[in-house]
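Note: the block below is work.txt and it holds compact mmCIF, C-alpha atoms.
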```
# COMPACT_ATOMS: atom_id res chain seq x y z
CA MET A 22 0.00 0.00 0.00
CA LEU A 23 1.34 3.43 -0.94
CA HIS A 24 1.40 6.12 1.67
CA ASN A 25 1.35 9.64 0.19
CA SER A 26 0.87 11.73 3.31
CA LYS A 27 3.75 13.56 4.94
CA PRO A 28 5.22 11.92 8.05
CA SER A 29 4.07 13.48 11.29
CA ALA A 30 6.25 14.24 14.29
CA GLN A 31 4.90 11.03 15.84
CA ASP A 32 6.13 8.96 12.85
CA HIS A 33 9.62 10.44 12.99
CA PRO A 34 12.20 8.51 15.07
CA PHE A 35 13.57 11.77 16.46
CA PRO A 36 11.50 14.77 17.51
CA LEU A 37 11.40 17.46 14.84
CA VAL A 38 12.84 20.78 15.93
CA ARG A 39 11.35 23.95 14.53
CA LYS A 40 13.54 26.55 12.90
CA SER A 41 14.77 29.30 15.20
CA ARG A 42 13.32 32.71 14.41
CA ILE A 43 15.93 35.49 14.19
CA LEU A 44 15.05 39.15 13.88
CA VAL A 45 17.73 41.44 12.40
CA ILE A 46 17.18 45.10 13.28
CA ASP A 47 19.64 47.29 11.39
CA ASP A 48 19.32 50.43 9.29
CA SER A 49 21.82 49.03 6.74
CA LEU A 50 20.01 47.09 4.02
CA LEU A 51 23.35 45.61 2.94
CA LEU A 52 24.13 44.23 6.41
CA ARG A 53 20.60 42.85 6.84
CA LYS A 54 20.86 41.03 3.50
CA GLN A 55 24.37 39.73 4.27
CA LEU A 56 23.27 38.36 7.63
CA SER A 57 20.12 36.82 6.16
CA ALA A 58 22.14 35.15 3.41
CA GLN A 59 24.67 33.73 5.89
CA LEU A 60 22.12 32.21 8.25
CA PRO A 61 21.19 28.75 6.91
CA SER A 62 17.54 28.62 5.83
CA ASP A 63 17.25 25.00 6.98
CA ARG A 64 17.91 26.19 10.51
CA PHE A 65 16.63 29.75 10.74
CA GLU A 66 13.67 31.87 9.74
CA VAL A 67 15.15 35.36 9.38
CA TYR A 68 13.03 38.50 9.67
CA GLU A 69 14.29 42.01 9.01
CA ALA A 70 13.49 45.50 10.24
CA GLU A 71 15.10 48.70 8.98
CA ASN A 72 14.82 50.77 12.16
CA GLY A 73 13.96 50.60 15.85
CA SER A 74 10.22 51.18 15.67
CA ALA A 75 9.83 48.74 12.77
CA GLY A 76 11.93 46.29 14.80
CA LEU A 77 9.60 46.51 17.78
CA ALA A 78 6.58 45.91 15.54
CA LYS A 79 8.27 42.96 13.81
CA ALA A 80 9.28 41.49 17.19
CA ALA A 81 5.67 41.62 18.36
CA GLU A 82 4.53 40.00 15.11
CA THR A 83 7.15 37.21 14.93
CA ASN A 84 8.12 36.57 18.58
CA PRO A 85 11.77 35.85 17.66
CA ASP A 86 14.03 33.39 19.48
CA LEU A 87 16.98 35.76 19.00
CA ILE A 88 17.35 39.43 18.09
CA LEU A 89 20.40 40.86 16.29
CA LEU A 90 20.25 44.56 17.14
CA ASP A 91 22.29 47.37 15.63
CA TYR A 92 23.44 49.88 18.22
CA VAL A 93 23.71 53.01 16.04
CA MET A 94 20.52 53.76 14.11
CA PRO A 95 18.73 57.00 13.25
CA GLY A 96 15.65 57.79 15.31
CA MET A 97 15.26 55.10 17.94
CA ASP A 98 18.78 53.76 18.62
CA GLY A 99 19.66 50.22 19.67
CA TYR A 100 19.70 51.03 23.37
CA GLU A 101 16.17 52.49 23.23
CA VAL A 102 14.96 49.42 21.33
CA TYR A 103 16.67 47.18 23.90
CA GLN A 104 14.99 49.01 26.80
CA SER A 105 11.60 48.80 25.13
CA LEU A 106 12.01 45.07 24.45
CA ARG A 107 13.14 44.31 28.01
CA ALA A 108 10.14 46.23 29.38
CA GLN A 109 7.81 43.75 27.64
CA GLU A 110 7.23 40.46 29.44
CA GLN A 111 7.45 38.34 26.27
CA PHE A 112 10.97 39.67 25.47
CA ARG A 113 12.51 39.81 28.96
CA ASN A 114 14.51 36.64 28.35
CA THR A 115 14.88 36.76 24.58
CA PRO A 116 18.59 36.65 23.72
CA ILE A 117 19.80 39.90 22.14
CA ILE A 118 23.12 40.30 20.36
CA VAL A 119 24.04 43.96 20.04
CA MET A 120 26.00 44.66 16.85
CA SER A 121 28.38 47.59 16.73
CA GLY A 122 31.90 48.74 16.06
CA ARG A 123 31.78 50.70 19.33
CA HIS A 124 32.46 48.06 21.99
CA ASP A 125 33.36 50.43 24.85
CA GLU A 126 30.39 52.71 24.22
CA VAL A 127 27.99 49.74 24.16
CA VAL A 128 29.36 48.34 27.43
CA GLU A 129 29.16 51.77 29.06
CA LYS A 130 25.53 52.19 27.97
CA PHE A 131 24.21 48.61 28.41
CA GLY A 132 26.31 47.52 31.39
CA PRO A 133 28.54 44.46 31.74
CA LEU A 134 28.52 42.08 28.81
CA PHE A 135 26.40 38.95 29.04
CA ASP A 136 24.21 40.16 31.91
CA ASN A 137 21.19 40.68 29.67
CA TYR A 138 22.69 40.88 26.21
CA ASN A 139 25.56 39.64 24.06
CA PHE A 140 27.83 41.62 21.76
CA TRP A 141 29.21 41.14 18.26
CA LEU A 142 31.86 43.51 16.95
CA LYS A 143 30.76 44.31 13.39
CA GLN A 144 34.34 44.00 12.15
CA ALA A 145 34.54 40.42 13.48
CA SER A 146 34.15 37.41 11.21
CA GLN A 147 30.84 35.88 10.28
CA ASP A 148 32.09 32.63 11.86
CA GLN A 149 32.31 34.45 15.18
CA LEU A 150 28.72 35.65 14.76
CA ARG A 151 27.60 32.09 13.97
CA ASP A 152 29.39 30.91 17.13
CA ARG A 153 27.62 33.60 19.19
CA ILE A 154 24.25 32.59 17.75
CA ASN A 155 24.94 28.92 18.51
CA ALA A 156 25.97 29.82 22.04
CA VAL A 157 22.81 31.78 22.87
CA LEU A 158 20.22 29.60 21.14
CA PRO A 159 19.37 26.56 23.25
CA MET A 160 19.07 23.99 20.44
CA THR A 161 19.99 23.64 16.79
CA VAL A 162 18.51 21.51 14.05
CA SER A 163 21.80 20.16 12.73
CA GLY A 164 24.09 20.34 15.76
CA SER A 165 24.54 17.81 18.50
CA GLU A 166 24.59 18.67 22.19
CA THR A 167 28.36 18.17 22.19
CA GLU A 168 28.77 20.61 19.28
CA ASN A 169 26.66 23.20 21.08
CA THR A 170 28.64 22.79 24.30
CA GLN A 171 31.92 23.07 22.38
CA THR A 172 30.68 26.18 20.57
CA SER A 173 29.63 27.75 23.85
CA VAL A 174 33.06 27.05 25.34
CA ASN A 175 34.76 28.45 22.22
CA VAL A 176 32.70 31.65 22.46
CA GLU A 177 33.55 32.02 26.14
CA VAL A 178 37.26 31.55 25.37
CA GLN A 179 37.00 34.14 22.57
CA ASP A 180 35.27 36.54 24.97
CA ILE A 181 38.02 36.10 27.54
CA ALA A 182 40.67 36.60 24.86
CA ALA A 183 38.94 39.79 23.63
CA PHE A 184 38.68 41.07 27.20
CA MET A 185 42.36 40.30 27.85
CA SER A 186 43.31 42.06 24.62
CA HIS A 187 41.28 45.09 25.70
CA LEU A 188 43.03 45.06 29.09
CA GLY A 189 46.37 44.89 27.28
CA GLN A 190 45.44 47.95 25.22
CA LEU A 191 44.44 49.84 28.35
CA GLU A 192 47.71 48.85 30.04
CA ASN A 193 49.69 50.12 27.04
CA GLN A 194 47.80 53.41 27.05
CA LEU A 195 48.37 53.84 30.78
CA THR A 196 52.08 53.03 30.47
CA GLU A 197 52.43 55.53 27.61
CA LYS A 198 50.73 58.23 29.69
CA MET A 199 52.97 57.49 32.67
CA VAL A 200 56.13 57.61 30.52
CA ASN A 201 55.03 60.89 28.95
CA ALA A 202 54.27 62.34 32.39
CA ILE A 203 57.84 61.73 33.63
CA PRO A 204 59.98 64.86 33.03
```
Written as structure tokens, that's how I'd like the structure from this file.
Amino acid sequence: MLHNSKPSAQDHPFPLVRKSRILVIDDSLLLRKQLSAQLPSDRFEVYEAENGSAGLAKAAETNPDLILLDYVMPGMDGYEVYQSLRAQEQFRNTPIIVMSGRHDEVVEKFGPLFDNYNFWLKQASQDQLRDRINAVLPMTVSGSETENTQTSVNVEVQDIAAFMSHLGQLENQLTEKMVNAIP
């Protein structure tokens, strides 16, 4: 007997996992399209918004699992969008990755990294963004639990390395100022 109906979740030997919904809020059409193209369509449903207010509306419409949020935007900036999202019960625990080239300014405005948000330096590689996404999303379609744990550890190591590098830069600046201050 031929069976033409699609298999249901009950027929499948492993539970089917739905695609993760990612909302990209950025005023740059080019960056939105690049990010959308680099996020595998078998794993993610990607939604886009061109500014903060459109981003809030799209978040309410799509209830994303993750939000990639540009920090510098005209009108409502990333921090204002972040505050508005966190004020809404449904988005209090939604992972947010703030995207910017202004690391120090973001940390000063948002507070310590990883308390309620994550950060991606726009000049960093797309692989690093993929690793961040894998670290903050609880489950992937194609990855195993071991892969996700390894990715999370890799991201934490990268974060520590970036922090240490930043400390090194601060130390160099301080040393230079001290040397210049000596008559």
Just want the 9 Å neighbourhood of range 80-88 of chain A, counted on only C-alpha atoms, with same-chain residues fewer than 4 positions away dropped. Output as an NGL selection string. :A and (41-46 or 67-68 or 75-76 or 106 or 111-112 or 115-119 or 154 or 157-158)
To one decimal place in Å, what is the distance between CA of Lys130 in chain A and CA of Leu56 in chain A? 24.7 Å
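Between CA of Arg53 in chain A and CA of Ser105 in chain A the interatomic distance comes to 21.2 Å.
CA of Phe65 in chain A to CA of Tyr100 in chain A spans 24.9 Å [interatomic distance, one decimal].
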Choose the residue, out of A:Arg151, A:Arg39, A:Lys143, A:Lys54, that has the smallest atom-to-atom separation from Ser121 in chain A; count only C-alpha atoms. A:Lys143
